[in-house]
Structure formats: C-alpha cells, structure tokens
file protein25.txt (compact mmCIF, C-alpha atoms and all ligand atoms)
# COMPACT_ATOMS: atom_id res chain seq x y z
CA MET A 10 95.91 -50.68 -25.01
CA GLY A 11 99.64 -49.87 -25.40
CA MET A 12 101.89 -50.26 -22.34
CA ALA A 13 102.93 -46.56 -22.34
CA ARG A 14 99.31 -45.40 -22.55
CA ALA A 15 98.24 -47.75 -19.75
CA LEU A 16 101.09 -46.54 -17.50
CA LEU A 17 100.33 -42.87 -18.14
CA LEU A 18 96.62 -43.38 -17.45
CA ARG A 19 97.50 -45.24 -14.24
CA GLY A 20 99.77 -42.29 -13.32
CA SER A 21 96.89 -39.86 -13.93
CA GLU A 22 95.05 -41.54 -11.04
CA SER A 23 98.01 -41.42 -8.62
CA ARG A 24 97.55 -39.14 -5.63
CA PHE A 25 101.29 -39.23 -4.88
CA LEU A 26 102.28 -38.07 -8.37
CA SER A 27 99.55 -35.42 -8.47
CA GLN A 28 100.91 -33.95 -5.22
CA THR A 29 104.58 -33.93 -6.22
CA LEU A 30 105.06 -33.55 -9.98
CA PRO A 31 103.12 -30.28 -10.51
CA HIS A 32 105.67 -28.46 -8.32
CA ARG A 33 108.58 -29.44 -10.56
CA PRO A 34 109.56 -26.54 -12.86
CA PHE A 35 110.26 -28.84 -15.84
CA VAL A 36 106.72 -30.26 -15.63
CA ARG A 37 105.25 -26.76 -15.43
CA ARG A 38 107.27 -25.75 -18.52
CA ALA A 39 106.06 -28.76 -20.51
CA VAL A 40 102.42 -28.12 -19.56
CA ARG A 41 102.52 -24.71 -21.27
CA ARG A 42 102.22 -26.50 -24.56
CA PHE A 43 98.62 -27.48 -23.77
CA MET A 44 97.45 -24.65 -21.54
CA PRO A 45 98.20 -20.95 -21.84
CA GLY A 46 98.39 -20.52 -18.05
CA GLU A 47 96.67 -21.24 -14.75
CA GLU A 48 94.69 -17.96 -14.50
CA LEU A 49 91.44 -16.84 -16.14
CA SER A 50 93.37 -13.88 -17.57
CA ASP A 51 95.66 -16.34 -19.42
CA ALA A 52 92.65 -18.11 -20.94
CA LEU A 53 91.03 -14.78 -21.92
CA GLU A 54 94.21 -13.66 -23.68
CA ALA A 55 94.40 -17.01 -25.53
CA ALA A 56 90.72 -16.68 -26.55
CA ARG A 57 91.35 -13.16 -27.84
CA ARG A 58 94.20 -14.41 -30.03
CA LEU A 59 92.12 -17.36 -31.24
CA ASP A 60 89.18 -15.05 -32.09
CA GLN A 61 91.51 -13.11 -34.37
CA LEU A 62 92.20 -16.37 -36.22
CA ASP A 63 88.44 -17.02 -36.61
CA ARG A 64 88.61 -19.77 -34.03
CA PRO A 65 86.05 -19.39 -31.27
CA SER A 66 86.84 -21.13 -28.02
CA ILE A 67 85.56 -23.16 -25.09
CA PHE A 68 86.80 -22.68 -21.51
CA THR A 69 87.32 -25.43 -18.95
CA VAL A 70 88.45 -24.84 -15.38
CA LEU A 71 90.60 -27.87 -14.59
CA GLY A 72 89.61 -30.09 -11.70
CA GLU A 73 87.44 -33.11 -10.94
CA ASN A 74 86.07 -35.12 -8.02
CA VAL A 75 85.88 -32.29 -5.47
CA GLU A 76 85.30 -33.11 -1.81
CA SER A 77 82.82 -30.61 -0.37
CA ALA A 78 79.70 -28.70 -1.35
CA ASP A 79 81.51 -25.43 -0.71
CA GLU A 80 84.23 -26.46 -3.13
CA THR A 81 81.63 -27.10 -5.87
CA ARG A 82 80.14 -23.65 -5.25
CA ALA A 83 83.60 -22.12 -5.62
CA VAL A 84 83.98 -23.92 -8.95
CA ALA A 85 80.57 -22.64 -10.10
CA ALA A 86 81.61 -19.13 -9.03
CA ALA A 87 84.82 -19.44 -11.08
CA TYR A 88 82.73 -20.37 -14.13
CA SER A 89 80.36 -17.44 -13.51
CA GLU A 90 83.36 -15.12 -13.31
CA ALA A 91 84.60 -16.54 -16.62
CA LEU A 92 81.20 -16.02 -18.29
CA ASN A 93 81.04 -12.40 -17.14
CA ALA A 94 84.57 -11.74 -18.40
CA ILE A 95 83.83 -13.43 -21.74
CA GLN A 96 80.71 -11.30 -22.14
CA GLU A 97 82.50 -8.10 -21.21
CA ARG A 98 85.16 -8.77 -23.86
CA LYS A 99 82.60 -9.95 -26.45
CA LEU A 100 84.50 -13.19 -27.01
CA ASP A 101 82.85 -16.11 -28.79
CA THR A 102 83.49 -18.59 -25.97
CA ASP A 103 81.38 -21.43 -24.56
CA LEU A 104 81.97 -23.50 -21.42
CA SER A 105 82.69 -27.19 -20.97
CA VAL A 106 82.45 -28.58 -17.44
CA LYS A 107 83.14 -31.85 -15.67
CA PRO A 108 80.02 -32.90 -13.71
CA THR A 109 82.12 -34.28 -10.80
CA HIS A 110 83.81 -30.87 -10.54
CA LEU A 111 80.39 -29.41 -9.78
CA GLY A 112 79.38 -32.09 -7.29
CA LEU A 113 78.07 -35.14 -9.16
CA ASP A 114 80.03 -37.45 -6.83
CA LEU A 115 78.77 -35.77 -3.68
CA ASP A 116 75.11 -35.27 -4.55
CA PRO A 117 73.50 -35.21 -8.02
CA ALA A 118 70.99 -32.59 -6.79
CA LEU A 119 73.87 -30.29 -5.87
CA ALA A 120 75.45 -30.72 -9.32
CA LEU A 121 72.09 -29.98 -10.92
CA GLU A 122 71.62 -26.85 -8.79
CA ASN A 123 75.13 -25.55 -9.63
CA LEU A 124 74.76 -26.31 -13.32
CA ALA A 125 71.24 -24.91 -13.65
CA ARG A 126 72.46 -21.61 -12.24
CA LEU A 127 75.38 -21.56 -14.68
CA ALA A 128 73.17 -22.53 -17.62
CA THR A 129 70.76 -19.68 -16.78
CA LEU A 130 73.60 -17.15 -16.70
CA ALA A 131 75.13 -18.54 -19.92
CA GLY A 132 71.69 -18.66 -21.61
CA GLY A 133 71.18 -14.93 -21.06
CA MET A 134 74.46 -14.43 -22.94
CA GLU A 135 73.56 -16.96 -25.67
CA ARG A 136 76.41 -19.24 -24.71
CA LEU A 137 76.53 -22.96 -24.39
CA VAL A 138 77.42 -25.05 -21.35
CA ALA A 139 78.57 -28.54 -22.39
CA LEU A 140 78.88 -31.45 -19.97
CA ASP A 141 82.12 -33.39 -20.38
CA MET A 142 81.83 -37.16 -20.14
CA GLU A 143 84.07 -38.67 -17.46
CA ALA A 144 84.91 -42.32 -16.63
CA SER A 145 82.29 -44.95 -17.56
CA GLY A 146 80.84 -45.20 -14.03
CA TYR A 147 79.49 -41.66 -14.44
CA VAL A 148 77.71 -42.06 -17.79
CA ASP A 149 74.23 -42.83 -16.45
CA ALA A 150 74.35 -40.02 -13.88
CA THR A 151 75.71 -37.58 -16.49
CA LEU A 152 72.96 -38.44 -18.99
CA GLU A 153 70.38 -37.98 -16.25
CA LEU A 154 71.88 -34.62 -15.31
CA TYR A 155 71.87 -33.56 -18.96
CA ARG A 156 68.21 -34.51 -19.41
CA ALA A 157 67.19 -32.66 -16.26
CA LEU A 158 69.07 -29.55 -17.38
CA ARG A 159 67.81 -29.70 -20.97
CA SER A 160 64.19 -29.76 -19.81
CA SER A 161 64.58 -26.09 -18.86
CA HIS A 162 67.76 -24.92 -20.65
CA ALA A 163 68.21 -25.20 -24.43
CA ASN A 164 71.85 -24.08 -24.17
CA VAL A 165 73.20 -27.27 -22.57
CA GLY A 166 75.21 -29.86 -24.51
CA ILE A 167 76.78 -33.23 -23.76
CA CYS A 168 79.85 -35.22 -24.74
CA LEU A 169 79.68 -38.88 -25.84
CA GLN A 170 82.65 -41.27 -26.10
CA ALA A 171 83.08 -43.55 -29.13
CA TYR A 172 85.23 -46.05 -27.19
CA LEU A 173 82.25 -47.14 -25.06
CA ARG A 174 80.20 -50.06 -26.34
CA ARG A 175 77.00 -48.47 -24.99
CA THR A 176 77.35 -45.13 -26.80
CA GLU A 177 75.44 -46.10 -29.96
CA GLU A 178 72.36 -46.77 -27.84
CA ASP A 179 72.89 -43.60 -25.78
CA LEU A 180 73.15 -41.56 -28.97
CA ASP A 181 69.91 -43.03 -30.33
CA GLY A 182 68.19 -42.11 -27.09
CA LEU A 183 69.37 -38.50 -27.33
CA LEU A 184 68.95 -37.64 -31.01
CA ALA A 185 65.18 -37.20 -30.96
CA SER A 186 65.42 -34.27 -28.53
CA GLY A 187 67.39 -31.93 -30.87
CA PRO A 188 70.51 -32.05 -28.73
CA MET A 189 73.98 -30.53 -28.88
CA ILE A 190 76.44 -33.42 -28.89
CA ARG A 191 80.23 -33.51 -28.97
CA LEU A 192 81.64 -36.85 -30.02
CA VAL A 193 85.12 -37.79 -28.75
CA LYS A 194 87.04 -41.07 -28.74
CA GLY A 195 87.34 -41.19 -24.92
CA ALA A 196 90.24 -40.48 -22.57
CA TYR A 197 89.94 -42.80 -19.54
CA ASN A 198 91.33 -46.18 -18.54
CA GLU A 199 88.37 -48.50 -19.26
CA ALA A 200 87.87 -52.27 -19.07
CA GLU A 201 87.32 -54.28 -22.24
CA SER A 202 83.88 -55.22 -20.96
CA VAL A 203 82.71 -51.61 -21.42
CA ALA A 204 85.08 -50.15 -24.03
CA PHE A 205 86.55 -51.28 -27.34
CA PRO A 206 90.20 -52.09 -26.62
CA ARG A 207 91.62 -51.54 -30.13
CA LYS A 208 92.09 -48.17 -31.83
CA ALA A 209 90.74 -49.56 -35.12
CA GLU A 210 87.47 -50.50 -33.39
CA VAL A 211 87.18 -47.13 -31.68
CA ASP A 212 87.81 -45.32 -34.97
CA ALA A 213 85.22 -47.45 -36.80
CA ASN A 214 82.66 -46.73 -34.08
CA TYR A 215 83.55 -43.02 -34.18
CA LEU A 216 82.73 -42.87 -37.88
CA ARG A 217 79.53 -44.90 -37.47
CA LEU A 218 78.32 -42.52 -34.73
CA ALA A 219 79.45 -39.45 -36.71
CA ARG A 220 77.32 -40.57 -39.65
CA ARG A 221 74.28 -40.94 -37.37
CA MET A 222 74.88 -37.45 -35.96
CA LEU A 223 75.26 -35.83 -39.39
CA GLU A 224 72.13 -37.56 -40.69
CA ALA A 225 70.23 -36.28 -37.64
CA ARG A 226 71.58 -32.78 -38.35
CA ARG A 227 70.27 -33.04 -41.93
CA GLU A 228 66.81 -34.03 -40.68
CA ASP A 229 66.73 -31.33 -38.00
CA PRO A 230 68.96 -28.22 -38.24
CA GLY A 231 68.26 -27.73 -34.50
CA VAL A 232 70.60 -30.66 -33.78
CA ARG A 233 74.10 -29.29 -33.10
CA VAL A 234 76.95 -31.64 -33.81
CA ALA A 235 80.59 -31.27 -32.85
CA PHE A 236 83.53 -33.60 -33.30
CA GLY A 237 86.23 -33.34 -30.64
CA THR A 238 89.23 -34.92 -32.34
CA HIS A 239 92.67 -34.12 -33.76
CA ASP A 240 92.63 -37.20 -35.94
CA ALA A 241 93.15 -35.93 -39.50
CA ARG A 242 91.76 -39.15 -40.99
CA MET A 243 88.52 -38.98 -38.95
CA ILE A 244 88.14 -35.32 -39.86
CA ALA A 245 88.68 -35.93 -43.60
CA GLU A 246 86.08 -38.72 -43.55
CA ILE A 247 83.57 -36.53 -41.68
CA VAL A 248 84.09 -33.62 -44.08
CA GLN A 249 83.45 -35.96 -47.01
CA LEU A 250 80.39 -37.46 -45.37
CA SER A 251 78.97 -34.04 -44.53
CA ASP A 252 79.44 -32.93 -48.16
CA GLU A 253 77.85 -36.14 -49.47
CA LEU A 254 74.82 -35.47 -47.27
CA GLY A 255 74.56 -32.00 -48.82
CA LEU A 256 75.18 -30.16 -45.54
CA PRO A 257 76.70 -26.66 -45.55
CA PRO A 258 80.44 -26.56 -44.68
CA ASP A 259 79.82 -25.14 -41.21
CA ALA A 260 77.01 -27.60 -40.32
CA CYS A 261 79.28 -29.32 -37.82
CA GLU A 262 82.03 -28.00 -35.61
CA PHE A 263 85.50 -29.50 -35.20
CA GLN A 264 86.73 -29.02 -31.65
CA MET A 265 90.38 -29.41 -30.67
CA LEU A 266 92.47 -28.82 -27.59
CA TYR A 267 94.56 -25.68 -27.30
CA GLY A 268 98.06 -26.27 -28.68
CA ILE A 269 97.19 -29.49 -30.55
CA GLY A 270 96.67 -29.78 -34.32
CA ARG A 271 97.18 -26.08 -34.97
CA ASP A 272 97.97 -26.58 -38.69
CA LEU A 273 94.89 -28.74 -39.07
CA GLN A 274 92.77 -26.08 -37.33
CA ALA A 275 94.08 -23.43 -39.75
CA LYS A 276 93.44 -25.62 -42.80
CA LEU A 277 89.85 -26.29 -41.73
CA VAL A 278 89.10 -22.61 -41.07
CA THR A 279 90.53 -21.65 -44.48
CA SER A 280 88.22 -24.17 -46.15
CA GLY A 281 85.14 -22.68 -44.43
CA ARG A 282 84.71 -25.31 -41.71
CA ALA A 283 83.84 -24.35 -38.13
CA VAL A 284 86.60 -24.91 -35.57
CA ARG A 285 86.37 -24.27 -31.82
CA VAL A 286 89.38 -24.60 -29.49
CA LEU A 287 89.13 -25.82 -25.92
CA VAL A 288 91.27 -23.73 -23.58
CA SER A 289 91.91 -25.20 -20.12
CA TYR A 290 93.16 -23.27 -17.13
CA GLY A 291 93.35 -23.58 -13.34
CA SER A 292 95.81 -25.10 -10.90
CA HIS A 293 94.44 -28.69 -10.83
CA TRP A 294 95.88 -29.81 -14.11
CA PHE A 295 97.82 -32.96 -13.25
CA PRO A 296 95.34 -35.83 -14.11
CA TRP A 297 94.14 -33.93 -17.14
CA TYR A 298 97.70 -33.41 -18.37
CA MET A 299 98.60 -37.08 -17.88
CA ARG A 300 95.58 -38.05 -20.02
CA ARG A 301 96.93 -35.74 -22.77
CA LEU A 302 100.31 -37.50 -22.59
CA ALA A 303 98.59 -40.89 -22.72
CA GLU A 304 96.84 -39.89 -25.95
CA ARG A 305 100.23 -39.47 -27.54
CA PRO A 306 103.06 -41.03 -25.55
CA ALA A 307 105.48 -39.32 -28.00
CA ASN A 308 104.65 -36.15 -26.02
CA VAL A 309 106.61 -37.59 -23.10
CA GLY A 310 109.73 -36.68 -25.14
CA PHE A 311 108.51 -33.12 -24.89
CA VAL A 312 108.51 -33.32 -21.09
CA LEU A 313 111.98 -34.88 -21.08
CA ARG A 314 113.32 -32.10 -23.32
CA SER A 315 111.82 -29.55 -20.90
CA MET A 316 113.91 -31.13 -18.13
CA VAL A 317 117.15 -30.14 -19.82
CA ARG A 318 115.98 -26.80 -21.20
CA ARG A 319 116.59 -23.84 -18.89
C1 LIG A 401 87.31 -30.48 -27.49
C2 LIG A 401 87.58 -31.79 -26.83
C3 LIG A 401 86.82 -32.19 -25.75
C4 LIG A 401 87.04 -33.42 -25.14
N1 LIG A 401 86.22 -33.82 -24.13
C5 LIG A 401 86.34 -35.07 -23.63
C6 LIG A 401 85.42 -35.58 -22.67
O1 LIG A 401 84.49 -34.90 -22.25
N2 LIG A 401 85.59 -36.85 -22.24
C7 LIG A 401 86.61 -37.66 -22.69
O2 LIG A 401 86.70 -38.82 -22.29
N3 LIG A 401 87.51 -37.18 -23.57
C8 LIG A 401 87.40 -35.92 -24.05
N4 LIG A 401 88.31 -35.48 -24.97
C9 LIG A 401 89.54 -36.28 -25.26
C10 LIG A 401 89.28 -37.36 -26.30
O3 LIG A 401 88.48 -38.38 -25.75
C11 LIG A 401 90.59 -37.96 -26.82
O4 LIG A 401 91.25 -38.56 -25.74
C12 LIG A 401 91.52 -36.96 -27.48
O5 LIG A 401 90.81 -36.07 -28.28
C13 LIG A 401 92.56 -37.72 -28.35
O6 LIG A 401 91.93 -38.44 -29.35
P1 LIG A 401 91.89 -38.00 -30.90
O7 LIG A 401 90.48 -38.09 -31.35
O8 LIG A 401 92.54 -36.70 -31.10
O9 LIG A 401 92.60 -39.18 -31.67
P2 LIG A 401 93.88 -40.09 -31.40
O10 LIG A 401 93.60 -41.36 -32.13
O11 LIG A 401 94.24 -40.15 -29.96
O12 LIG A 401 95.00 -39.27 -32.14
C14 LIG A 401 94.97 -39.02 -33.54
C15 LIG A 401 96.09 -38.06 -33.88
O13 LIG A 401 95.82 -36.78 -33.27
C16 LIG A 401 97.01 -36.20 -32.75
N5 LIG A 401 96.90 -36.11 -31.27
C17 LIG A 401 95.93 -36.63 -30.51
N6 LIG A 401 96.12 -36.34 -29.20
C18 LIG A 401 97.25 -35.62 -29.15
C19 LIG A 401 98.00 -35.04 -28.09
N7 LIG A 401 97.61 -35.14 -26.81
N8 LIG A 401 99.12 -34.37 -28.42
C20 LIG A 401 99.52 -34.25 -29.69
N9 LIG A 401 98.86 -34.79 -30.74
C21 LIG A 401 97.75 -35.47 -30.48
C22 LIG A 401 98.13 -37.12 -33.18
O14 LIG A 401 98.59 -36.68 -34.43
C23 LIG A 401 97.45 -38.46 -33.31
O15 LIG A 401 98.12 -39.33 -34.18
C24 LIG A 401 88.10 -34.25 -25.60
C25 LIG A 401 88.86 -33.86 -26.69
C26 LIG A 401 88.62 -32.66 -27.31
C27 LIG A 401 89.45 -32.29 -28.50

call {"tool": "encode", "arguments": {"input": "protein25.txt", "output": "structure tokens"}}
result
Amino acid sequence: MGMARALLLRGSESRFLSQTLPHRPFVRRAVRRFMPGEELSDALEAARRLDQLDRPSIFTVLGENVESADETRAVAAAYSEALNAIQERKLDTDLSVKPTHLGLDLDPALALENLARLATLAGGMERLVALDMEASGYVDATLELYRALRSSHANVGICLQAYLRRTEEDLDGLLASGPMIRLVKGAYNEAESVAFPRKAEVDANYLRLARRMLEARREDPGVRVAFGTHDARMIAEIVQLSDELGLPPDACEFQMLYGIGRDLQAKLVTSGRAVRVLVSYGSHWFPWYMRRLAERPANVGFVLRSMVRR
C-alpha cells in the first residue's frame, strides 16, 4: 500500500481529526466535490438532475459505528424519510446502508430489526436496500445479516470486496440464491493476511470475480450484478466480457460515486449501459471522505486548492 494511502486511511480512523477538520471551511468546500450537501433535500435535488441524465441513483446517509440503540432507530427513521421522499418524487433511487450504522456493532438482532423494517418499506415501493461491506472484521456478521434479511425480503442486496482473499469463496456461497451483488475493490485499511496488498492482485481478482458474476447472470437472469468502480480499464474488460457472454448491454449495472468519473458515466449511458450513481449526504462525512482521498491521493491537491480559494 502506498504511504499516502496508508496515512489517509489512518487519518480516517482518527477521532481527533474527525472532531476538528469538518469545522474548517476549506474542508467543507472541498467535500462538495463528492457530496451535493448534508441534507436530504440536497440529495433529492442531485437525484433529480441525475434522473434527467438517465442515471438513476442510490442514497447513503453517512455515518458508521453508532453508540446507542436510539441512535440506530434515528438512522432508520432518516432512511424511511428518504424512501418516502423518493417515492413522492417518483425518483429511481435505491438505498445503500452500512450495517454498523444500523446497529451491527451493538446487537445484530437490532440491526436485523431496523433493516427488516426498512426492507419492507422499500419492497412496497419496489426499491432495493443494499448492505455496504465494511472492514474485514464485519464480513461474517454482514453475510449473516444479509442471509437473514433475504429469507423474507427479495429486495436486499450485498456488497463484496475484491481485495479480500476470502471473497471468492463468499461469492460462490451466495450465487446459488439468485442474489443482488455489488462488487467493489474495497476501501479499508486491511492486513496482508486478509487482503491482497498490491493493486495488480486486487484488479486481477476483481476481474476473476466479475466473470463469475456475469456467468451466473447468464445462467439465471434473477441474479442482479453491479460493479462499483471508476476504473475505466476494469469497466472496459467487463463490457467486453458481458458482450462475449451474449448478455444484453444493460445486464449489469455500473455504479459510481457522485462527482467521480462523470465523463465515463456519460459515455456508458450513451452506449446503452446501465449506470447508477451513489449520492451520500448527512453530517458524519469525515471518515468516508478520508477514504475517498485515500483512493486517489491526487485529490488532496483539491483540498489544498480549496484552502486558498475564497
Ligand atoms: C457505488 C459504490 C459503492 C461502494 N461501496 C463500498 C462498500 O460497501 N465497501 C467498500 O469497502 N468500498 C465501497 N466502495 C469503494 C470501493 O471499494 C473503492 O474504494 C472505490 O470505488 C475506488 O476504487 P475504484 O474501483 O474506483 O478503482 P481505483 O483503482 O481506486 O481507481 C481507478 C481509477 O478511478 C478513478 N478514481 C477512483 N477513486 C477516485 C476518487 N476518489 N476520486 C477521483 N477519481 C477516482 C481514478 O481515475 C483512478 O485512477 C464503493 C464504491 C462505489 C463506486
């Protein structure tokens, strides 16, 4: 792992930085690149604009590792409010949620209760609730949560991370159940014992897993596959693979973060591919934002330029 990436990921876990930096105006200005604003209304306006560009969206309320059951219920209520607003505006928007934000750390039964309620509400609106995958220590509990939810809710999906050595086996275990899976490279600071340390290895694993997912989609159109990446090379390879397998152009979805890879998003939509954009909002954006900087340390220049801009 590069030194800059390691430092930024370490910073994302710092309580001191997360309590001080978000109040600095230059940091707030730089964050606007990746999130339209802190309020639901900001996300709804972004989704409306994206809809006009034929890019449906996904909403995430930022936050993780909450400390009380009441807090998790407040998070669930914020997601319910978002679903009702999405429905009212007829937006094509799904949800993506961090299990620890809904209580996985405190009590898995509480997370399940919160998520089941959300999945029921979203199901009545034909919308998907995807579980994000957090640091490696949460993978088993997240898979368990997903299985419990899926047994009564078809509209629940899960994210898998190509940087983890275990993911190939996890994917095999999931494919038979006609799942909805988003494959990402992985955003956390992981030890070599659990994650591939080199980008080339992560990329090779990403493509190996993507092939498995597309083949499963060909066998069973009920399998929903999404690729959460801005990597133009990965995307070109996946498009080619999908075509070679004889799948229709919109058989898989490319998911990207708001504000990243906009030209690539436009190019994919023009060529008939499905693109969905993840819009994040909320006040707890610090660790999430640091992970975005770590993905591309060149973005730190962006923050520095925001310091001198008025
Ligand atoms: C929809 C979505 C959902 C996600 N959900 C999860 C999750 O649940 N769990 C998890 O661990 N991770 C998640 N991630 C993050 C993911 O793991 C990666 O950290 C992130 O997508 C960066 O990797 P990449 O595939 O874009 O490729 P990289 O190899 O990091 O980058 C490839 C190229 O993409 C561009 N790029 C990538 N990131 C940025 C950036 N921040 N700013 C500007 N350009 C950039 C650059 O051109 C770069 O050269 C999610 C990502 C997306 C898009």

call {"tool": "residues_around", "arguments": {"input": "protein25.txt", "residues": "Leu152 of chain A", "least_positions_apart": "6", "cutoff": "10 Å", "atoms": "all atoms listed in the file", "output": "number ranges by chain"}}
result
A: 140, 142, 158, 167-169, 179, 183

call {"tool": "atom_distance", "arguments": {"input": "protein25.txt", "atom1": "atom O11 of ligand LIG 401 (chain A)", "atom2": "atom CA of Asp114 of chain A"}}
result
27.3 Å

call {"tool": "residues_around", "arguments": {"input": "protein25.txt", "residues": "Asp181 of chain A", "least_positions_apart": "6", "cutoff": "12 Å", "atoms": "all atoms listed in the file", "output": "list in words"}}
result
Leu169, Arg175, Gly187, Pro188, Ile190, Leu218, Arg221, Met222, Glu224 and Ala225 of chain A

call {"tool": "atom_distance", "arguments": {"input": "protein25.txt", "atom1": "atom CA of Met189 of chain A", "atom2": "atom CA of Leu137 of chain A"}}
result
9.2 Å

call {"tool": "closest_residue", "arguments": {"input": "protein25.txt", "among": "A:Ser77, A:Ser292, A:Ser89, A:Thr109", "to": "ligand LIG 401 (chain A)", "atoms": "only C-alpha atoms and all ligand atoms"}}
result
A:Thr109

call {"tool": "residues_near_ligand", "arguments": {"input": "protein25.txt", "ligand": "ligand LIG 401 (chain A)", "cutoff": "9 Å", "atoms": "all atoms listed in the file", "output": "number ranges by chain"}}
result
A: 43, 67, 105-107, 139-145, 167-172, 191-197, 208, 211-212, 215, 235-243, 263-270, 285-288, 298, 300-308

call {"tool": "atom_distance", "arguments": {"input": "protein25.txt", "atom1": "atom CA of Ala13 of chain A", "atom2": "atom CA of Gln274 of chain A"}}
result
27.3 Å

call {"tool": "closest_residue", "arguments": {"input": "protein25.txt", "among": "A:Ala200, A:Ala283, A:Ala125, A:Val75", "to": "Gly146 of chain A", "atoms": "all atoms listed in the file"}}
result
A:Ala200

call {"tool": "closest_residue", "arguments": {"input": "protein25.txt", "among": "A:Ala86, A:Ala128, A:Ala150, A:Leu53", "to": "Asp101 of chain A", "atoms": "only C-alpha atoms"}}
result
A:Leu53

call {"tool": "build_atoms", "arguments": {"input": "protein25.txt", "residues": "segment 263-279 of chain A", "atoms": "N, CA and C atoms", "output": "mmCIF file, keeping the file's coordinate frame"}}
result
data_model
loop_
_atom_site.group_PDB
_atom_site.id
_atom_site.type_symbol
_atom_site.label_atom_id
_atom_site.label_comp_id
_atom_site.auth_asym_id
_atom_site.auth_seq_id
_atom_site.Cartn_x
_atom_site.Cartn_y
_atom_site.Cartn_z
ATOM 1 N N PHE A 263 84.372 -28.671 -35.616
ATOM 2 C CA PHE A 263 85.500 -29.500 -35.200
ATOM 3 C C PHE A 263 86.122 -28.832 -33.973
ATOM 4 N N GLN A 264 86.213 -29.589 -32.897
ATOM 5 C CA GLN A 264 86.730 -29.020 -31.650
ATOM 6 C C GLN A 264 88.060 -29.686 -31.310
ATOM 7 N N MET A 265 89.053 -28.863 -31.015
ATOM 8 C CA MET A 265 90.380 -29.410 -30.670
ATOM 9 C C MET A 265 90.897 -28.740 -29.409
ATOM 10 N N LEU A 266 91.888 -29.377 -28.811
ATOM 11 C CA LEU A 266 92.470 -28.820 -27.590
ATOM 12 C C LEU A 266 93.509 -27.774 -27.952
ATOM 13 N N TYR A 267 93.580 -26.746 -27.142
ATOM 14 C CA TYR A 267 94.560 -25.680 -27.300
ATOM 15 C C TYR A 267 95.956 -26.290 -27.484
ATOM 16 N N GLY A 268 96.671 -25.823 -28.492
ATOM 17 C CA GLY A 268 98.060 -26.270 -28.680
ATOM 18 C C GLY A 268 98.204 -27.556 -29.476
ATOM 19 N N ILE A 269 97.093 -28.230 -29.794
ATOM 20 C CA ILE A 269 97.190 -29.490 -30.550
ATOM 21 C C ILE A 269 96.554 -29.304 -31.934
ATOM 22 N N GLY A 270 97.232 -29.805 -32.955
ATOM 23 C CA GLY A 270 96.670 -29.780 -34.320
ATOM 24 C C GLY A 270 96.479 -28.380 -34.868
ATOM 25 N N ARG A 271 97.395 -27.462 -34.537
ATOM 26 C CA ARG A 271 97.180 -26.080 -34.970
ATOM 27 C C ARG A 271 97.128 -25.919 -36.493
ATOM 28 N N ASP A 272 97.984 -26.683 -37.214
ATOM 29 C CA ASP A 272 97.970 -26.580 -38.690
ATOM 30 C C ASP A 272 96.640 -27.094 -39.242
ATOM 31 N N LEU A 273 96.168 -28.169 -38.641
ATOM 32 C CA LEU A 273 94.890 -28.740 -39.070
ATOM 33 C C LEU A 273 93.752 -27.743 -38.808
ATOM 34 N N GLN A 274 93.789 -27.099 -37.648
ATOM 35 C CA GLN A 274 92.770 -26.080 -37.330
ATOM 36 C C GLN A 274 92.761 -25.005 -38.412
ATOM 37 N N ALA A 275 93.967 -24.518 -38.773
ATOM 38 C CA ALA A 275 94.080 -23.430 -39.750
ATOM 39 C C ALA A 275 93.539 -23.879 -41.108
ATOM 40 N N LYS A 276 93.880 -25.094 -41.500
ATOM 41 C CA LYS A 276 93.440 -25.620 -42.800
ATOM 42 C C LYS A 276 91.914 -25.705 -42.859
ATOM 43 N N LEU A 277 91.316 -26.157 -41.767
ATOM 44 C CA LEU A 277 89.850 -26.290 -41.730
ATOM 45 C C LEU A 277 89.182 -24.925 -41.807
ATOM 46 N N VAL A 278 89.700 -23.955 -41.057
ATOM 47 C CA VAL A 278 89.100 -22.610 -41.070
ATOM 48 C C VAL A 278 89.196 -22.029 -42.478
ATOM 49 N N THR A 279 90.341 -22.188 -43.116
ATOM 50 C CA THR A 279 90.530 -21.650 -44.480
ATOM 51 C C THR A 279 89.525 -22.281 -45.440
#
